[in-house]
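Asker: This is coords-v9.cif, which holds mmCIF, N, CA and C atoms:
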data_start
#
loop_
_atom_site.label_atom_id
_atom_site.label_comp_id
_atom_site.auth_asym_id
_atom_site.auth_seq_id
_atom_site.Cartn_x
_atom_site.Cartn_y
_atom_site.Cartn_z
N MET A 1 152.42 105.05 96.18
CA MET A 1 152.30 104.73 94.78
C MET A 1 153.58 104.03 94.33
N SER A 2 153.45 102.89 93.66
CA SER A 2 154.63 102.16 93.25
C SER A 2 155.15 102.66 91.91
N ASN A 3 156.42 102.43 91.69
CA ASN A 3 157.06 102.83 90.45
C ASN A 3 156.50 102.00 89.31
N ILE A 4 156.34 102.60 88.15
CA ILE A 4 155.77 101.90 87.01
C ILE A 4 156.62 100.71 86.58
N ASP A 5 157.93 100.78 86.80
CA ASP A 5 158.84 99.71 86.42
C ASP A 5 159.01 98.66 87.52
N GLU A 6 158.29 98.81 88.59
CA GLU A 6 158.43 97.91 89.74
C GLU A 6 157.27 96.92 89.75
N PRO A 7 157.57 95.62 89.65
CA PRO A 7 156.49 94.65 89.62
C PRO A 7 155.81 94.50 90.99
N GLU A 8 154.55 94.13 90.95
CA GLU A 8 153.86 93.75 92.18
C GLU A 8 154.55 92.49 92.71
N ALA A 9 154.44 92.24 93.99
CA ALA A 9 155.11 91.08 94.59
C ALA A 9 154.74 89.77 93.88
N ALA A 10 153.48 89.60 93.56
CA ALA A 10 153.03 88.36 92.92
C ALA A 10 153.60 88.18 91.51
N ASP A 11 154.08 89.25 90.91
CA ASP A 11 154.60 89.20 89.54
C ASP A 11 156.12 89.03 89.47
N ILE A 12 156.78 88.96 90.61
CA ILE A 12 158.24 88.78 90.61
C ILE A 12 158.55 87.35 90.16
N GLU A 13 159.43 87.25 89.17
CA GLU A 13 159.78 85.96 88.59
C GLU A 13 161.18 85.54 89.00
N LEU A 14 161.33 84.26 89.31
CA LEU A 14 162.61 83.72 89.74
C LEU A 14 163.70 83.97 88.70
N GLY A 15 163.41 83.74 87.44
CA GLY A 15 164.41 83.93 86.38
C GLY A 15 164.93 85.36 86.34
N ALA A 16 164.04 86.33 86.49
CA ALA A 16 164.45 87.74 86.48
C ALA A 16 165.31 88.06 87.69
N VAL A 17 164.96 87.51 88.84
CA VAL A 17 165.73 87.74 90.06
C VAL A 17 167.13 87.15 89.91
N LEU A 18 167.21 85.92 89.44
CA LEU A 18 168.51 85.27 89.27
C LEU A 18 169.37 86.00 88.24
N HIS A 19 168.74 86.43 87.16
CA HIS A 19 169.49 87.19 86.14
C HIS A 19 170.05 88.47 86.75
N ALA A 20 169.23 89.21 87.47
CA ALA A 20 169.66 90.47 88.06
C ALA A 20 170.80 90.25 89.05
N LEU A 21 170.74 89.18 89.82
CA LEU A 21 171.77 88.91 90.82
C LEU A 21 173.04 88.29 90.22
N SER A 22 173.01 87.95 88.94
CA SER A 22 174.17 87.30 88.32
C SER A 22 175.28 88.28 87.94
N ASP A 23 174.99 89.58 87.96
CA ASP A 23 175.97 90.58 87.59
C ASP A 23 176.73 91.06 88.83
N PRO A 24 178.06 91.10 88.78
CA PRO A 24 178.84 91.51 89.96
C PRO A 24 178.53 92.93 90.46
N THR A 25 178.27 93.86 89.55
CA THR A 25 177.96 95.23 89.98
C THR A 25 176.62 95.27 90.69
N ARG A 26 175.62 94.60 90.14
CA ARG A 26 174.31 94.58 90.78
C ARG A 26 174.38 93.86 92.11
N LEU A 27 175.15 92.81 92.17
CA LEU A 27 175.32 92.08 93.43
C LEU A 27 175.99 92.97 94.47
N ALA A 28 176.96 93.77 94.05
CA ALA A 28 177.62 94.71 94.98
C ALA A 28 176.62 95.73 95.51
N VAL A 29 175.72 96.20 94.66
CA VAL A 29 174.68 97.14 95.09
C VAL A 29 173.80 96.48 96.15
N VAL A 30 173.36 95.26 95.88
CA VAL A 30 172.49 94.55 96.82
C VAL A 30 173.20 94.32 98.15
N LEU A 31 174.47 93.96 98.10
CA LEU A 31 175.24 93.75 99.33
C LEU A 31 175.31 95.03 100.16
N GLN A 32 175.53 96.18 99.51
CA GLN A 32 175.60 97.44 100.24
C GLN A 32 174.26 97.80 100.88
N ILE A 33 173.18 97.59 100.13
CA ILE A 33 171.86 97.90 100.68
C ILE A 33 171.52 96.95 101.82
N GLU A 34 171.87 95.69 101.67
CA GLU A 34 171.62 94.71 102.74
C GLU A 34 172.39 95.10 104.00
N ALA A 35 173.62 95.55 103.84
CA ALA A 35 174.46 95.90 105.00
C ALA A 35 174.02 97.19 105.67
N ASP A 36 173.64 98.19 104.88
CA ASP A 36 173.40 99.52 105.41
C ASP A 36 171.94 99.94 105.44
N GLY A 37 171.06 99.18 104.84
CA GLY A 37 169.67 99.60 104.73
C GLY A 37 169.49 100.53 103.53
N GLU A 38 168.38 101.21 103.50
CA GLU A 38 168.07 102.09 102.37
C GLU A 38 169.23 103.06 102.10
N ARG A 39 169.57 103.20 100.84
CA ARG A 39 170.70 104.06 100.46
C ARG A 39 170.28 105.04 99.39
N CYS A 40 170.87 106.21 99.42
CA CYS A 40 170.72 107.17 98.34
C CYS A 40 171.51 106.62 97.15
N CYS A 41 170.91 106.64 95.99
CA CYS A 41 171.57 106.06 94.81
C CYS A 41 172.96 106.63 94.59
N GLY A 42 173.14 107.91 94.85
CA GLY A 42 174.43 108.55 94.65
C GLY A 42 175.49 108.12 95.65
N SER A 43 175.11 107.44 96.71
CA SER A 43 176.08 107.03 97.72
C SER A 43 176.57 105.60 97.54
N LEU A 44 176.08 104.92 96.52
CA LEU A 44 176.51 103.55 96.28
C LEU A 44 177.91 103.55 95.69
N ALA A 45 178.80 102.77 96.30
CA ALA A 45 180.20 102.71 95.86
C ALA A 45 180.41 101.44 95.03
N VAL A 46 180.27 101.58 93.72
CA VAL A 46 180.43 100.41 92.86
C VAL A 46 181.43 100.62 91.72
N GLY A 47 181.99 101.79 91.61
CA GLY A 47 183.05 102.03 90.63
C GLY A 47 182.62 102.00 89.17
N VAL A 48 181.40 102.43 88.89
CA VAL A 48 180.94 102.55 87.51
C VAL A 48 180.38 103.95 87.29
N ALA A 49 180.24 104.34 86.04
CA ALA A 49 179.69 105.65 85.72
C ALA A 49 178.24 105.74 86.19
N LYS A 50 177.78 106.97 86.44
CA LYS A 50 176.40 107.18 86.91
C LYS A 50 175.38 106.56 85.96
N SER A 51 175.61 106.72 84.67
CA SER A 51 174.66 106.17 83.70
C SER A 51 174.63 104.65 83.75
N THR A 52 175.78 104.05 83.96
CA THR A 52 175.85 102.58 84.08
C THR A 52 175.17 102.13 85.36
N LEU A 53 175.40 102.84 86.44
CA LEU A 53 174.74 102.51 87.70
C LEU A 53 173.23 102.62 87.55
N SER A 54 172.76 103.64 86.86
CA SER A 54 171.32 103.80 86.65
C SER A 54 170.73 102.58 85.94
N GLN A 55 171.46 102.06 84.96
CA GLN A 55 170.97 100.88 84.25
C GLN A 55 170.94 99.66 85.17
N HIS A 56 171.95 99.51 86.00
CA HIS A 56 171.97 98.39 86.94
C HIS A 56 170.82 98.51 87.94
N LEU A 57 170.58 99.72 88.43
CA LEU A 57 169.47 99.93 89.37
C LEU A 57 168.13 99.65 88.71
N ARG A 58 168.00 99.99 87.43
CA ARG A 58 166.76 99.70 86.69
C ARG A 58 166.53 98.19 86.62
N VAL A 59 167.58 97.43 86.32
CA VAL A 59 167.44 95.97 86.24
C VAL A 59 167.01 95.40 87.59
N LEU A 60 167.63 95.87 88.66
CA LEU A 60 167.26 95.39 89.99
C LEU A 60 165.81 95.73 90.33
N ARG A 61 165.40 96.95 90.00
CA ARG A 61 164.03 97.39 90.28
C ARG A 61 163.02 96.60 89.45
N GLU A 62 163.28 96.43 88.16
CA GLU A 62 162.35 95.73 87.28
C GLU A 62 162.26 94.25 87.62
N ALA A 63 163.32 93.69 88.20
CA ALA A 63 163.30 92.29 88.63
C ALA A 63 162.55 92.11 89.94
N GLY A 64 162.29 93.21 90.64
CA GLY A 64 161.58 93.14 91.92
C GLY A 64 162.48 92.99 93.12
N ILE A 65 163.77 93.20 92.94
CA ILE A 65 164.72 93.05 94.04
C ILE A 65 164.78 94.31 94.89
N THR A 66 164.67 95.45 94.24
CA THR A 66 164.75 96.71 94.97
C THR A 66 163.50 97.55 94.76
N ARG A 67 163.35 98.51 95.64
CA ARG A 67 162.27 99.51 95.54
C ARG A 67 162.97 100.87 95.54
N THR A 68 162.54 101.74 94.66
CA THR A 68 163.13 103.07 94.56
C THR A 68 162.07 104.10 94.90
N ARG A 69 162.45 105.05 95.74
CA ARG A 69 161.53 106.13 96.08
C ARG A 69 162.23 107.46 95.85
N ALA A 70 161.44 108.41 95.40
CA ALA A 70 161.97 109.75 95.16
C ALA A 70 161.76 110.61 96.39
N CYS A 71 162.75 111.43 96.68
CA CYS A 71 162.67 112.41 97.76
C CYS A 71 163.36 113.65 97.24
N GLY A 72 162.57 114.59 96.74
CA GLY A 72 163.16 115.75 96.08
C GLY A 72 163.85 115.31 94.81
N ASN A 73 165.11 115.70 94.66
CA ASN A 73 165.85 115.29 93.47
C ASN A 73 166.73 114.07 93.72
N GLN A 74 166.55 113.43 94.85
CA GLN A 74 167.31 112.23 95.17
C GLN A 74 166.43 110.99 95.01
N ARG A 75 167.08 109.89 94.73
CA ARG A 75 166.41 108.59 94.65
C ARG A 75 167.02 107.69 95.72
N TRP A 76 166.16 107.07 96.49
CA TRP A 76 166.58 106.17 97.56
C TRP A 76 166.19 104.75 97.16
N VAL A 77 167.08 103.83 97.39
CA VAL A 77 166.84 102.45 96.98
C VAL A 77 166.93 101.54 98.21
N SER A 78 165.99 100.59 98.28
CA SER A 78 165.95 99.63 99.38
C SER A 78 165.65 98.25 98.82
N LEU A 79 165.96 97.23 99.60
CA LEU A 79 165.67 95.85 99.19
C LEU A 79 164.21 95.52 99.47
N ARG A 80 163.63 94.72 98.62
CA ARG A 80 162.28 94.22 98.85
C ARG A 80 162.41 92.86 99.54
N ARG A 81 163.10 92.87 100.65
CA ARG A 81 163.46 91.65 101.38
C ARG A 81 162.24 90.80 101.74
N GLU A 82 161.21 91.43 102.27
CA GLU A 82 160.02 90.67 102.68
C GLU A 82 159.37 89.98 101.49
N ASP A 83 159.24 90.69 100.38
CA ASP A 83 158.64 90.10 99.18
C ASP A 83 159.48 88.93 98.67
N LEU A 84 160.79 89.12 98.60
CA LEU A 84 161.67 88.07 98.10
C LEU A 84 161.69 86.86 99.02
N ASP A 85 161.74 87.10 100.32
CA ASP A 85 161.75 85.99 101.27
C ASP A 85 160.43 85.21 101.25
N ALA A 86 159.32 85.90 101.02
CA ALA A 86 158.03 85.21 100.95
C ALA A 86 157.93 84.36 99.68
N LEU A 87 158.46 84.88 98.59
CA LEU A 87 158.36 84.16 97.31
C LEU A 87 159.42 83.07 97.17
N PHE A 88 160.64 83.37 97.59
CA PHE A 88 161.77 82.46 97.41
C PHE A 88 162.54 82.35 98.72
N PRO A 89 161.99 81.62 99.69
CA PRO A 89 162.60 81.55 101.03
C PRO A 89 164.07 81.13 100.99
N GLY A 90 164.90 81.95 101.61
CA GLY A 90 166.32 81.64 101.74
C GLY A 90 167.18 82.00 100.54
N LEU A 91 166.58 82.30 99.40
CA LEU A 91 167.37 82.58 98.19
C LEU A 91 168.33 83.74 98.39
N LEU A 92 167.83 84.86 98.84
CA LEU A 92 168.68 86.04 99.00
C LEU A 92 169.78 85.78 100.03
N ASP A 93 169.47 85.08 101.09
CA ASP A 93 170.49 84.76 102.10
C ASP A 93 171.62 83.93 101.49
N VAL A 94 171.27 82.92 100.70
CA VAL A 94 172.27 82.05 100.10
C VAL A 94 173.14 82.82 99.11
N VAL A 95 172.52 83.62 98.27
CA VAL A 95 173.26 84.39 97.26
C VAL A 95 174.19 85.39 97.93
N LEU A 96 173.70 86.11 98.93
CA LEU A 96 174.53 87.11 99.59
C LEU A 96 175.66 86.48 100.39
N LYS A 97 175.41 85.33 101.00
CA LYS A 97 176.46 84.63 101.73
C LYS A 97 177.55 84.16 100.77
N ALA A 98 177.15 83.64 99.64
CA ALA A 98 178.12 83.21 98.63
C ALA A 98 178.92 84.39 98.09
N ALA A 99 178.25 85.51 97.90
CA ALA A 99 178.94 86.72 97.40
C ALA A 99 179.95 87.22 98.43
N ASP A 100 179.58 87.20 99.70
CA ASP A 100 180.52 87.61 100.76
C ASP A 100 181.74 86.70 100.78
N ARG A 101 181.50 85.41 100.63
CA ARG A 101 182.59 84.44 100.65
C ARG A 101 183.51 84.65 99.45
N THR A 102 182.93 84.90 98.28
CA THR A 102 183.71 85.15 97.08
C THR A 102 184.54 86.41 97.21
N ALA A 103 183.95 87.47 97.76
CA ALA A 103 184.66 88.73 97.96
C ALA A 103 185.82 88.56 98.93
N ALA A 104 185.63 87.73 99.95
CA ALA A 104 186.67 87.53 100.95
C ALA A 104 187.88 86.80 100.35
N VAL A 105 187.65 85.96 99.35
CA VAL A 105 188.73 85.21 98.72
C VAL A 105 189.58 86.12 97.84
N ARG A 106 188.95 87.13 97.24
CA ARG A 106 189.67 88.03 96.31
C ARG A 106 190.63 88.89 97.02
#
Please express the file's structure as structure tokens.

Answerer:
Amino acid sequence: MSNIDEPEAADIELGAVLHALSDPTRLAVVLQIEADGERCCGSLAVGVAKSTLSQHLRVLREAGITRTRACGNQRWVSLRREDLDALFPGLLDVVLKAADRTAAVR
């Protein structure tokens, strides 16, 4: 069963994806999930308050970038890589590569 705030693959919009990826904190979340695979929300190292992280995760989920699943009292987040690659081929690769390059310069 999908989350009510999670769009079906056909409903993912490019503008929403680009907006979600434009924030440095959300981009850091996506980079961690891309590197490590599915992550427990509490294990994401982004240096913001839990409530702020929850809002960032909501934006990513509602944009169709991530999928969140509940397991007991924990929430696990993963990338919807297949959906994004099918809809916008190469987009996530380009954005993540640019983010890695930007982080390396800092």

Asker: Give me the residues within 8 Å of Leu44 (chain A) as a list in words, counting only N, CA and C atoms and dropping any in the same chain fewer than 2 places off.

Answerer: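 Residues near the query, excluding close chain neighbours: Ala28, Val29, Gln32, Ile33, Arg39, Cys40, Cys41, Gly42, Val46, Gly47 and Val48 of chain A.
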
Asker: Please report, as CSV, each residue of region 67-101 of chain A lying at most 8 Å from region 4-20 of chain A, together with the nearest pair of atoms and the separation in Å rounded to one decimal; use all atoms listed in the file, and order rows by chain and ascending residue number.

Answerer:
residue,atom,partner,partner_atom,distance
A:Arg67,CA,A:Glu6,CA,7.1
A:Thr68,N,A:Glu6,CA,7.5
A:Asp83,CA,A:Ala9,CA,5.9
A:Leu84,N,A:Ala9,CA,7.2
A:Leu87,CA,A:Ala9,C,7.5
A:Phe88,CA,A:Leu14,CA,7.8

Asker: Using DSSP on the backbone coordinates, identify all residues within chain A classified as alpha helix (DSSP H); present the result as a PyMOL selection string.

Answerer: chain A and resi 14-21+24-36+50-63+81-87+91-105

Asker: Enter the distance from CA of Val30 (chain A) to CA of Leu79 (chain A), in Å, rounded to one decimal.

Answerer: 7.3 Å

Asker: Choose the residue, out of A:Asp93, A:Asp100, A:Asp23, A:Glu34, that has the smallest atom-to-atom separation from Gln55 (chain A); count only C-alpha atoms.

Answerer: A:Asp23

Asker: Go ahead and compute the interatomic distance for atom N of Thr102 (chain A) and atom C of His56 (chain A), in Å to one decimal.

Answerer: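 So the answer is 20.9 Å.
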
Asker: What does the distance from CA of Leu21 (chain A) to CA of Leu91 (chain A) come to in Å, to one decimal?

Answerer: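 One can read the CA of Leu21 (chain A) to CA of Leu91 (chain A) distance as 10.7 Å.
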
Asker: DSSP on the backbone, then: every residue of region 25-70 of chain A marked strand (DSSP E or B), written as a list of chain:residue names.

Answerer: A:Arg39, A:Cys40, A:Thr66, A:Arg67, A:Thr68, A:Arg69, A:Ala70
